[in-house]
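**Student:** Compact mmCIF, C-alpha atoms, file protein.txt:
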```txt
# COMPACT_ATOMS: atom_id res chain seq x y z
CA MET A 1 5.72 21.96 34.02
CA PRO A 2 5.44 23.43 30.54
CA ASP A 3 7.71 26.06 29.11
CA SER A 4 7.54 27.89 25.77
CA THR A 5 8.66 24.75 23.90
CA PHE A 6 6.29 22.47 25.75
CA HIS A 7 3.13 23.16 23.73
CA ASN A 8 2.44 21.81 20.27
CA GLU A 9 -0.57 20.23 18.58
CA GLU A 10 0.61 16.67 19.17
CA GLN A 11 1.08 17.33 22.87
CA THR A 12 -2.39 18.91 23.09
CA ASP A 13 -3.88 15.81 21.47
CA ASN A 14 -2.07 13.72 24.06
CA GLY A 15 -3.62 15.67 26.93
CA SER A 16 -1.20 18.58 27.47
CA ILE A 17 -2.74 21.88 28.54
CA ARG A 18 -2.04 24.65 26.03
CA THR A 19 -4.83 27.22 26.45
CA VAL A 20 -6.11 28.60 29.75
CA LEU A 21 -9.11 30.81 30.50
CA VAL A 22 -8.93 32.91 33.68
CA VAL A 23 -12.32 34.13 34.96
CA ASP A 24 -12.40 36.65 37.83
CA ASP A 25 -14.21 39.93 38.40
CA SER A 26 -11.04 41.24 40.10
CA ARG A 27 -8.62 42.71 37.56
CA LEU A 28 -5.77 42.41 40.08
CA GLN A 29 -6.41 38.71 40.68
CA ARG A 30 -6.51 38.10 36.93
CA ARG A 31 -3.21 39.92 36.45
CA ILE A 32 -1.49 37.81 39.11
CA LEU A 33 -2.72 34.51 37.61
CA VAL A 34 -2.12 35.55 34.00
CA ALA A 35 1.44 36.60 34.73
CA SER A 36 2.30 33.22 36.24
CA LEU A 37 0.55 31.26 33.51
CA LYS A 38 2.23 33.17 30.67
CA LYS A 39 5.57 32.75 32.39
CA TRP A 40 5.02 28.99 32.27
CA GLY A 41 4.25 29.13 28.54
CA PHE A 42 0.46 28.92 28.41
CA GLU A 43 -1.78 30.85 26.04
CA VAL A 44 -4.08 32.79 28.35
CA THR A 45 -7.46 34.41 27.79
CA GLU A 46 -9.25 36.56 30.38
CA ALA A 47 -12.91 37.10 31.26
CA GLU A 48 -14.30 39.36 33.96
CA SER A 49 -17.62 37.51 34.34
CA GLY A 50 -19.29 34.15 33.86
CA GLU A 51 -21.32 35.52 30.97
CA ALA A 52 -18.20 36.74 29.14
CA ALA A 53 -16.49 33.41 29.85
CA MET A 54 -19.39 31.47 28.34
CA GLU A 55 -19.16 33.57 25.18
CA ILE A 56 -15.45 32.74 24.88
CA CYS A 57 -16.02 29.02 25.58
CA SER A 58 -18.76 28.82 22.97
CA GLN A 59 -16.26 30.00 20.33
CA ASP A 60 -13.10 28.19 21.39
CA PRO A 61 -13.18 26.03 24.54
CA PRO A 62 -9.86 26.16 26.44
CA ASP A 63 -7.96 23.20 27.85
CA LEU A 64 -8.11 24.62 31.37
CA ILE A 65 -10.46 27.04 33.14
CA LEU A 66 -9.51 28.86 36.33
CA SER A 67 -12.66 30.52 37.64
CA ASP A 68 -13.39 32.46 40.79
CA TRP A 69 -16.39 31.16 42.72
CA MET A 70 -17.75 34.47 44.03
CA MET A 71 -18.58 36.83 41.16
CA PRO A 72 -21.49 39.22 40.55
CA GLY A 73 -24.13 38.02 38.10
CA MET A 74 -23.29 34.46 37.07
CA ASN A 75 -21.04 33.10 39.79
CA GLY A 76 -18.34 30.47 39.25
CA LEU A 77 -20.59 27.60 40.28
CA GLU A 78 -23.32 28.63 37.84
CA PHE A 79 -20.75 29.20 35.11
CA CYS A 80 -19.27 25.74 35.69
CA ARG A 81 -22.66 24.08 35.54
CA LYS A 82 -23.69 25.93 32.37
CA PHE A 83 -20.32 25.24 30.74
CA ARG A 84 -20.66 21.50 31.37
CA GLU A 85 -24.20 21.51 29.96
CA HIS A 86 -23.03 23.11 26.70
CA SER A 87 -19.59 21.51 26.34
CA ASN A 88 -18.87 19.61 23.15
CA GLU A 89 -17.11 16.28 22.71
CA GLY A 90 -13.83 17.67 24.06
CA TYR A 91 -13.17 18.03 27.77
CA SER A 92 -11.84 21.07 29.63
CA TYR A 93 -10.34 20.82 33.10
CA PHE A 94 -12.15 23.15 35.49
CA ILE A 95 -10.58 24.55 38.70
CA LEU A 96 -12.69 26.70 41.01
CA LEU A 97 -10.87 29.42 42.99
CA THR A 98 -12.55 29.91 46.32
CA SER A 99 -12.17 30.86 49.92
CA LYS A 100 -14.79 28.23 50.76
CA SER A 101 -13.58 25.13 52.52
CA GLU A 102 -16.72 23.55 53.92
CA LYS A 103 -17.22 19.98 52.72
CA ASN A 104 -20.81 20.55 51.63
CA GLU A 105 -19.73 23.54 49.51
CA ILE A 106 -16.92 21.53 47.91
CA ALA A 107 -19.43 18.75 47.20
CA GLU A 108 -21.70 21.33 45.58
CA GLY A 109 -18.84 22.43 43.33
CA LEU A 110 -18.02 18.85 42.33
CA ASP A 111 -21.68 18.23 41.59
CA ALA A 112 -21.70 21.26 39.29
CA GLY A 113 -18.83 19.75 37.28
CA ALA A 114 -15.67 21.21 38.83
CA ASP A 115 -12.60 18.98 38.73
CA ASP A 116 -10.54 20.67 41.44
CA PHE A 117 -10.40 23.54 43.91
CA LEU A 118 -7.78 26.11 44.90
CA THR A 119 -8.04 28.26 47.98
CA LYS A 120 -7.45 31.99 47.54
CA PRO A 121 -4.97 33.55 47.69
CA VAL A 122 -3.53 31.12 45.16
CA ASN A 123 -0.11 29.66 45.89
CA SER A 124 2.04 29.52 42.74
CA ASP A 125 3.58 26.10 43.44
CA GLU A 126 0.21 24.59 44.32
CA LEU A 127 -1.29 25.98 41.09
CA ARG A 128 1.48 24.37 39.05
CA ALA A 129 0.92 21.08 40.84
CA ARG A 130 -2.86 21.20 40.22
CA ILE A 131 -2.32 21.95 36.54
CA SER A 132 0.01 18.95 36.28
CA ALA A 133 -2.68 16.79 37.87
CA GLY A 134 -5.18 18.20 35.38
CA GLU A 135 -2.92 17.28 32.48
CA ARG A 136 -2.82 13.70 33.65
CA ILE A 137 -6.62 13.61 33.81
CA LEU A 138 -6.96 15.23 30.38
CA ARG A 139 -4.43 12.84 28.91
CA MET A 140 -6.40 9.84 30.13
CA GLN A 141 -9.70 11.39 29.09
CA ARG A 142 -8.52 12.22 25.57
CA GLU A 143 -6.91 8.84 25.21
CA LEU A 144 -10.19 7.25 26.24
CA SER A 145 -12.12 9.48 23.81
CA LYS A 146 -9.76 8.53 21.01
CA LYS A 147 -10.19 4.83 21.77
CA ASN A 148 -13.96 5.24 22.01
CA ARG A 149 -13.93 7.00 18.64
CA ILE A 150 -11.92 4.15 17.13
CA VAL A 151 -14.30 1.61 18.68
CA SER A 152 -17.31 3.55 17.37
CA GLU A 153 -15.83 3.77 13.88
CA THR A 154 -14.94 0.09 13.97
CA LEU A 155 -18.45 -0.82 15.08
CA ASP A 156 -19.89 1.29 12.25
CA GLU A 157 -17.65 -0.50 9.79
CA LEU A 158 -18.58 -3.88 11.24
CA GLN A 159 -22.26 -2.94 10.94
CA ARG A 160 -21.77 -2.08 7.27
CA VAL A 161 -19.97 -5.38 6.70
CA TYR A 162 -22.66 -7.25 8.65
CA ASP A 163 -25.42 -5.59 6.61
CA ALA A 164 -23.66 -6.59 3.39
CA ILE A 165 -23.19 -10.18 4.61
CA ASP A 166 -26.78 -10.31 5.85
CA LYS A 167 -27.99 -9.18 2.42
CA ASP A 168 -25.88 -11.88 0.77
CA LEU A 169 -27.16 -14.50 3.20
CA VAL A 170 -30.76 -13.57 2.48
CA GLN A 171 -30.06 -14.12 -1.20
CA ALA A 172 -28.16 -17.33 -0.40
CA ARG A 173 -31.19 -18.59 1.49
CA LYS A 174 -33.36 -18.04 -1.59
CA ILE A 175 -30.85 -19.97 -3.67
CA GLN A 176 -30.76 -22.79 -1.11
CA GLN A 177 -34.54 -22.91 -1.01
CA SER A 178 -34.50 -23.38 -4.78
CA LEU A 179 -32.76 -26.72 -4.16
CA VAL A 180 -36.08 -27.92 -2.75
CA PRO A 181 -38.49 -26.54 -5.36
CA GLU A 182 -41.52 -28.47 -4.06
CA LEU A 183 -42.23 -29.58 -0.51
CA SER A 184 -44.82 -32.19 -1.38
CA ARG A 185 -45.49 -34.35 -4.40
CA LYS A 186 -47.79 -37.19 -5.28
CA PHE A 187 -46.50 -40.36 -6.92
CA GLY A 188 -49.56 -42.32 -7.90
CA SER A 189 -51.54 -42.77 -4.71
CA SER A 190 -48.41 -42.35 -2.55
CA SER A 191 -46.61 -39.15 -1.66
CA VAL A 192 -43.38 -37.61 -0.37
CA SER A 193 -43.33 -34.48 1.80
CA LEU A 194 -40.34 -32.45 2.92
CA LEU A 195 -39.46 -30.20 5.87
CA LEU A 196 -36.41 -27.89 5.93
CA LYS A 197 -35.86 -25.43 8.82
CA PRO A 198 -32.32 -23.98 8.97
CA CYS A 199 -31.30 -22.58 12.37
CA GLY A 200 -29.79 -19.53 10.64
CA HIS A 201 -30.15 -17.81 7.28
CA ILE A 202 -28.77 -20.90 5.60
CA GLY A 203 -28.13 -24.42 6.76
CA GLY A 204 -26.40 -27.70 6.12
CA ASP A 205 -29.43 -29.96 5.83
CA LEU A 206 -30.88 -31.10 2.52
CA VAL A 207 -33.95 -33.14 1.66
CA GLY A 208 -35.25 -34.19 -1.72
CA MET A 209 -37.01 -36.66 -3.98
CA PHE A 210 -36.95 -37.75 -7.60
CA SER A 211 -38.58 -40.28 -9.87
CA PRO A 212 -37.17 -41.45 -13.22
CA GLY A 213 -40.47 -43.08 -14.16
CA VAL A 214 -43.75 -44.60 -13.05
CA ASN A 215 -43.59 -46.69 -9.85
CA ARG A 216 -39.93 -45.80 -9.24
CA LEU A 217 -39.08 -43.35 -6.51
CA GLY A 218 -36.03 -42.13 -4.61
CA PHE A 219 -35.93 -39.79 -1.60
CA TYR A 220 -33.34 -38.76 0.96
CA SER A 221 -32.38 -36.80 4.03
CA ILE A 222 -28.86 -35.33 4.34
CA ASP A 223 -27.05 -33.47 7.12
CA VAL A 224 -23.68 -31.87 6.27
CA SER A 225 -21.13 -31.51 9.07
CA GLY A 226 -20.77 -28.06 10.63
CA HIS A 227 -22.99 -25.04 10.12
CA GLY A 228 -23.22 -21.88 8.06
CA ILE A 229 -21.84 -20.94 4.69
CA THR A 230 -19.45 -23.86 4.17
CA SER A 231 -22.13 -26.43 4.94
CA ALA A 232 -24.63 -24.60 2.75
CA MET A 233 -22.20 -24.64 -0.17
CA MET A 234 -21.87 -28.39 0.27
CA THR A 235 -25.66 -28.82 0.19
CA ALA A 236 -25.75 -26.86 -3.07
CA ARG A 237 -23.24 -29.28 -4.50
CA LEU A 238 -25.15 -32.31 -3.26
CA GLY A 239 -28.34 -30.83 -4.68
CA GLY A 240 -26.69 -31.12 -8.09
CA TYR A 241 -25.50 -34.68 -7.44
CA LEU A 242 -29.08 -35.69 -6.55
CA SER A 243 -30.94 -33.44 -8.96
CA SER A 244 -34.65 -34.03 -9.45
CA THR A 245 -34.51 -32.16 -12.77
CA TYR A 246 -31.26 -33.12 -14.52
CA PHE A 247 -31.13 -36.90 -14.42
CA ASP A 248 -27.86 -37.01 -16.36
CA GLN A 249 -26.18 -35.28 -13.39
CA ASN A 250 -27.90 -37.39 -10.73
CA VAL A 251 -25.48 -40.02 -9.40
CA ALA A 252 -28.43 -42.01 -8.06
CA MET A 253 -29.51 -42.77 -11.64
CA GLU A 254 -28.00 -44.54 -14.61
CA LYS A 255 -29.11 -44.46 -18.20
CA ARG A 256 -30.00 -47.81 -19.73
CA PHE A 257 -30.22 -48.76 -23.38
CA ASN A 258 -29.80 -45.08 -24.12
CA ARG A 259 -33.54 -44.76 -23.58
CA PHE A 260 -34.52 -44.45 -19.93
CA TYR A 261 -33.08 -43.87 -16.48
CA ALA A 262 -33.02 -46.46 -13.72
CA LEU A 263 -32.36 -46.01 -10.00
CA ARG A 264 -29.05 -47.29 -8.68
CA GLN A 265 -29.02 -49.36 -5.54
CA PRO A 266 -28.76 -47.18 -2.39
CA GLU A 267 -25.49 -48.78 -1.26
CA GLU A 268 -23.97 -47.99 -4.66
CA VAL A 269 -25.13 -44.36 -4.44
CA ALA A 270 -23.49 -43.95 -1.02
CA SER A 271 -20.22 -45.42 -2.34
CA LEU A 272 -20.21 -43.14 -5.39
CA LEU A 273 -20.81 -40.03 -3.29
CA ASN A 274 -18.15 -41.14 -0.81
CA ALA A 275 -15.60 -41.60 -3.60
CA ARG A 276 -16.35 -38.15 -5.01
CA LEU A 277 -15.89 -36.38 -1.69
CA ILE A 278 -12.73 -38.27 -0.77
CA ALA A 279 -11.25 -37.43 -4.20
CA ASP A 280 -11.72 -33.69 -3.63
CA THR A 281 -8.61 -32.48 -1.83
CA GLY A 282 -9.04 -29.64 0.62
CA ILE A 283 -12.63 -30.50 1.49
CA GLU A 284 -12.97 -31.46 5.14
CA GLU A 285 -16.76 -31.61 5.27
CA TYR A 286 -18.63 -34.89 5.33
CA PHE A 287 -22.31 -35.67 5.64
CA THR A 288 -24.72 -38.19 7.03
CA MET A 289 -27.44 -39.56 4.80
CA ALA A 290 -30.47 -41.79 4.69
CA TYR A 291 -31.34 -42.61 1.10
CA CYS A 292 -34.24 -44.83 0.03
CA ILE A 293 -35.71 -46.20 -3.15
CA VAL A 294 -39.12 -47.82 -3.32
CA ASP A 295 -41.06 -49.88 -5.81
CA LEU A 296 -44.53 -48.39 -5.65
CA ARG A 297 -46.10 -51.56 -7.04
CA SER A 298 -44.96 -53.83 -4.24
CA GLY A 299 -44.02 -51.45 -1.42
CA GLY A 300 -40.53 -52.92 -1.51
CA LEU A 301 -38.12 -50.51 0.21
CA LYS A 302 -34.33 -50.44 -0.07
CA MET A 303 -32.33 -48.07 2.04
CA VAL A 304 -28.80 -47.08 2.98
CA GLN A 305 -28.03 -45.41 6.30
CA ALA A 306 -24.72 -43.52 6.36
CA GLY A 307 -24.33 -42.19 9.91
CA HIS A 308 -27.78 -40.60 9.78
CA PRO A 309 -30.39 -41.02 12.56
CA HIS A 310 -32.32 -44.26 12.25
CA PRO A 311 -35.26 -43.93 9.83
CA LEU A 312 -38.58 -44.54 11.55
CA LEU A 313 -41.17 -46.85 10.03
CA LEU A 314 -44.66 -45.89 11.20
CA ARG A 315 -47.03 -48.80 10.54
CA LYS A 316 -50.70 -48.27 9.84
CA ASP A 317 -51.57 -50.31 12.94
CA GLY A 318 -49.71 -47.80 15.17
CA SER A 319 -46.56 -49.86 15.72
CA THR A 320 -43.17 -48.24 15.11
CA GLU A 321 -39.77 -49.55 14.08
CA PHE A 322 -36.39 -47.83 13.81
CA LEU A 323 -34.48 -49.17 10.80
CA GLY A 324 -30.76 -49.50 10.11
CA GLU A 325 -27.56 -50.05 12.06
CA GLY A 326 -25.94 -46.63 11.81
CA GLY A 327 -23.27 -46.80 9.14
CA VAL A 328 -20.37 -44.45 8.40
CA PRO A 329 -20.90 -40.85 7.17
CA VAL A 330 -20.15 -40.10 3.54
CA GLY A 331 -16.77 -38.46 2.83
CA LEU A 332 -15.14 -39.54 6.08
CA VAL A 333 -13.35 -42.82 5.27
CA PRO A 334 -12.17 -43.94 1.79
CA ASP A 335 -13.39 -47.19 0.23
CA ILE A 336 -15.80 -47.90 3.06
CA PRO A 337 -18.47 -50.52 2.21
CA TYR A 338 -22.08 -49.54 2.78
CA SER A 339 -24.76 -52.06 3.64
CA GLN A 340 -28.33 -51.97 2.42
CA ILE A 341 -31.48 -52.44 4.45
CA GLU A 342 -34.67 -53.83 2.93
CA ALA A 343 -38.24 -53.73 4.16
CA VAL A 344 -41.74 -54.05 2.78
CA MET A 345 -44.27 -51.30 3.35
CA GLU A 346 -47.99 -51.96 3.45
CA PRO A 347 -50.62 -49.46 2.28
CA GLY A 348 -51.09 -46.87 5.02
CA ASP A 349 -47.50 -47.16 6.31
CA ARG A 350 -45.22 -44.13 6.56
CA LEU A 351 -41.43 -43.84 6.60
CA LEU A 352 -39.87 -40.84 8.35
CA LEU A 353 -36.32 -39.68 7.64
CA TYR A 354 -35.13 -36.90 9.96
CA SER A 355 -31.97 -35.05 10.92
CA ASP A 356 -30.45 -34.96 14.41
CA GLY A 357 -31.85 -31.44 14.72
CA PHE A 358 -34.87 -33.28 16.10
CA THR A 359 -33.31 -35.84 18.42
CA GLU A 360 -30.56 -33.50 19.69
CA ALA A 361 -32.87 -30.57 20.34
CA ARG A 362 -32.33 -29.23 23.87
CA LEU A 363 -35.28 -29.44 26.26
CA GLU A 364 -36.06 -27.02 29.09
CA ASN A 365 -34.32 -29.31 31.61
CA GLY A 366 -31.16 -29.37 29.48
CA ASP A 367 -31.61 -32.94 28.23
CA MET A 368 -31.81 -33.84 24.55
CA LEU A 369 -35.05 -35.01 22.96
CA GLU A 370 -33.61 -38.39 21.86
CA THR A 371 -35.63 -41.02 19.96
CA GLU A 372 -38.07 -41.58 22.83
CA GLY A 373 -38.96 -37.89 22.75
CA LEU A 374 -39.41 -38.05 18.97
CA LEU A 375 -41.96 -40.84 19.37
CA GLU A 376 -43.81 -38.70 21.93
CA LEU A 377 -43.88 -35.77 19.49
CA ILE A 378 -45.30 -38.03 16.77
CA ALA A 379 -47.95 -39.33 19.17
CA LYS A 380 -49.09 -35.73 19.75
CA CYS A 381 -49.60 -35.09 16.03
CA ASP A 382 -53.15 -34.98 14.74
CA SER A 383 -53.97 -38.48 13.48
CA GLN A 384 -55.97 -36.99 10.63
CA HIS A 385 -52.96 -35.08 9.30
CA SER A 386 -50.72 -36.54 6.64
CA GLY A 387 -47.94 -35.34 4.37
CA GLN A 388 -47.01 -31.69 4.81
CA GLU A 389 -49.54 -31.18 7.60
CA PHE A 390 -47.99 -34.07 9.55
CA LEU A 391 -44.50 -32.54 9.25
CA ASP A 392 -45.76 -29.09 10.23
CA ASP A 393 -47.44 -30.66 13.27
CA LEU A 394 -44.25 -32.48 14.16
CA TYR A 395 -42.13 -29.33 13.93
CA TRP A 396 -44.62 -27.28 15.94
CA ASN A 397 -44.63 -29.92 18.68
CA LEU A 398 -40.83 -29.71 18.74
CA THR A 399 -40.89 -25.94 19.24
CA GLN A 400 -43.22 -26.40 22.21
CA VAL A 401 -40.82 -28.64 24.15
CA MET A 402 -37.40 -27.32 23.20
CA SER A 403 -35.51 -24.94 25.47
CA SER A 404 -36.51 -21.29 25.18
CA GLU A 405 -32.99 -20.36 26.30
CA TYR A 406 -31.13 -22.22 23.56
CA GLY A 407 -33.80 -22.24 20.86
CA LEU A 408 -33.02 -23.91 17.55
CA GLU A 409 -29.33 -24.82 17.79
CA ASP A 410 -29.19 -27.02 14.70
CA ASP A 411 -30.95 -27.29 11.36
CA VAL A 412 -34.13 -29.34 11.48
CA SER A 413 -35.24 -31.34 8.45
CA ALA A 414 -37.35 -34.36 7.62
CA THR A 415 -38.70 -36.40 4.73
CA VAL A 416 -41.86 -38.47 5.08
CA PHE A 417 -42.93 -41.09 2.52
CA GLU A 418 -46.53 -42.28 2.72
CA TYR A 419 -47.27 -45.49 0.90
CA ASN A 420 -50.84 -46.06 -0.20
CA GLY A 421 -50.44 -49.04 -2.49
CA PRO A 422 -49.93 -49.31 -6.25
```
In structure tokens, how does this file's structure come out?

**Tutor:**
Amino acid sequence: MPDSTFHNEEQTDNGSIRTVLVVDDSRLQRRILVASLKKWGFEVTEAESGEAAMEICSQDPPDLILSDWMMPGMNGLEFCRKFREHSNEGYSYFILLTSKSEKNEIAEGLDAGADDFLTKPVNSDELRARISAGERILRMQRELSKKNRIVSETLDELQRVYDAIDKDLVQARKIQQSLVPELSRKFGSSSVSLLLKPCGHIGGDLVGMFSPGVNRLGFYSIDVSGHGITSAMMTARLGGYLSSTYFDQNVAMEKRFNRFYALRQPEEVASLLNARLIADTGIEEYFTMAYCIVDLRSGGLKMVQAGHPHPLLLRKDGSTEFLGEGGVPVGLVPDIPYSQIEAVMEPGDRLLLYSDGFTEARLENGDMLETEGLLELIAKCDSQHSGQEFLDDLYWNLTQVMSSEYGLEDDVSATVFEYNGP
């Protein structure tokens, strides 16, 4: 038990009892308790009524309260209840002194907020033992309060950090959206339309198109490995490599006779991008890609598939054909050869490039959509819709079948080229 050297501020913070309030309408009973408590080294304050005790507690709540139950005016039970209602963040241990021993009366005291009971007349050794028990409770309570305060402060700090990151991500999304300045564009009688739906603020998918001159067109669909900021930074870089504005930076083009730009062959573009990524030490990201060029005069299509989902050729007569043999992602293996696929499109045909955000979307039964499900989504699209409306239809149909539990787990993107002849 404490002596005169036992109490200091650090000990109080750790749960030691330093100050005690004795509440009893009997001056003799107060004297007996105060004498013992002071002998043990406590700082003791007295009150002869519940009202006086409440006044003291409102100014400086003690660590321990010893209160008689039976008092005129506000009795000990009422005082305990009122004290608990008005107590601040700190906790005071409350012992009721009573001659009552019935279980229902003890339950009433506990319900009012009492921590312990002592039967009058109070035994000195029992009082010391109850105070020791109270110190253990206070120590645990204050330790818990301290930890809760630390947790609360940490959560506040995390919220501030989250808000700052969220603000940055909102701005980052605007920057990423600027990589796709137009979602639909006409090239003669043909057109290219784009869809880009990141699963978070920012994503790792990229779609785009460019034309160095009349009847020459290039378009692509890219999916960078991983998610989030790192993938988004890679898409920003790739947006520069395949710029629709700065042809001198676009690796898919080469300048000829110092007069005009021509489109490189798709297989050459994949090899150039692969070499650039492999040469950059410290970069672990890679990406899948479907890149196509088309001669708008003839409908001649050349394409490279680098690990990307198989492009889907939608013929005017309603037949469908998945193109390509898979290929290896860009930036994964050095000096890998890429093969080129060729096809001829007829007026009215469409070519759909899409990311695995479509085919790997989770359905309500837990299965993935797969290519068969993609064909079903396309069949549900309004036959009168083309271009951007077709892609919006396709995405809406996807949201209707995907799992409500998992939602959009991956970025969803697509590029559709509609050929309508020269």

**Student:** Per residue of range 100-169 of chain A within 10 Å of range 201-219 of chain A, note the shortest atom pair and the distance in Å to one decimal, counting all atoms listed in the file, and order the rows by chain and increasing residue number, as CSV.

**Tutor:**
```
residue,atom,partner,partner_atom,distance
A:Asp166,CA,A:His201,CA,8.3
A:Asp168,CA,A:His201,CA,9.8
A:Leu169,CA,A:His201,CA,6.0
```

**Student:** Go ahead and write the selection's residues with C-alpha atoms as a PDB file, keeping the file's coordinate frame.

**Tutor:**
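New file selection.pdb:
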```pdb
ATOM      1  CA  ASP A 166     -26.780 -10.310   5.850  1.00  0.00           C
ATOM      2  CA  ASP A 168     -25.880 -11.880   0.770  1.00  0.00           C
ATOM      3  CA  LEU A 169     -27.160 -14.500   3.200  1.00  0.00           C
TER       4      LEU A 169
END
```

**Student:** Which distance in Å separates CA of Ser243 in chain A and CA of Glu389 in chain A, to one decimal?

**Tutor:**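 Result for CA of Ser243 in chain A versus CA of Glu389 in chain A: 25.0 Å, one decimal.
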
**Student:** If we count only C-alpha atoms and set the cut-off at 12 Å, which residues sit around Asn274 in chain A, ignoring sequence neighbours fewer than 2 positions away in its own chain? Please answer as a VMD selection string.

**Tutor:** chain A and resid 238 241 251 267 to 272 276 to 280 285 to 289 306 328 to 338

**Student:** Using only C-alpha atoms, which of the listed residues (A:Arg31, A:Lys255, A:Lys167, A:Arg18) sits closest to Ser92 in chain A?

**Tutor:** A:Arg18

**Student:** Taking into account all atoms listed in the file, which residue in the set A:Leu195, A:Ala262, A:Leu77, A:Val401 is nearest to Gly387 in chain A?

**Tutor:**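 The closest residue to Gly387 in chain A is A:Leu195.
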
**Student:** Could you tell me how far CA of Phe417 in chain A sits from CA of Ile222 in chain A, in Å to one decimal place?

**Tutor:**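 Value for the CA of Ile222 in chain A-CA of Phe417 in chain A distance: 15.3 Å.
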
**Student:** Can you pull out every residue within 12 Å of Arg128 in chain A, counting only C-alpha atoms, but drop anything in the same chain fewer than 6 positions away, and send it as a VMD selection string?

**Tutor:** chain A and resid 1 to 3 17 33 36 to 37 39 to 42 118 122 134 to 135

**Student:** Could you name the residues that touch Ala252 in chain A at 7 Å or less, counting all atoms listed in the file, but leaving out those on the same chain fewer than 3 positions away, as number ranges by chain?

**Tutor:** A: 242, 263-264, 269

**Student:** With C-alpha atoms kept, could you save the residues just selected as a PDB file, in the frame of the given file?

**Tutor:**
```pdb
ATOM      1  CA  LEU A 242     -29.080 -35.690  -6.550  1.00  0.00           C
ATOM      2  CA  LEU A 263     -32.360 -46.010 -10.000  1.00  0.00           C
ATOM      3  CA  ARG A 264     -29.050 -47.290  -8.680  1.00  0.00           C
ATOM      4  CA  VAL A 269     -25.130 -44.360  -4.440  1.00  0.00           C
TER       5      VAL A 269
END
```

**Student:** Which one is closest to Ser244 in chain A: A:Ala172, A:Leu28, A:Val180, A:Ile293? Count all atoms listed in the file.

**Tutor:**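 Checking each candidate against Ser244 in chain A, we get A:Val180 as the closest.
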
**Student:** So the first atom is CA of Leu312 in chain A and the second is CA of Gly373 in chain A; what is the distance between them in Å, to one decimal place?

**Tutor:**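 For CA of Leu312 in chain A relative to CA of Gly373 in chain A, the distance reads 13.0 Å.
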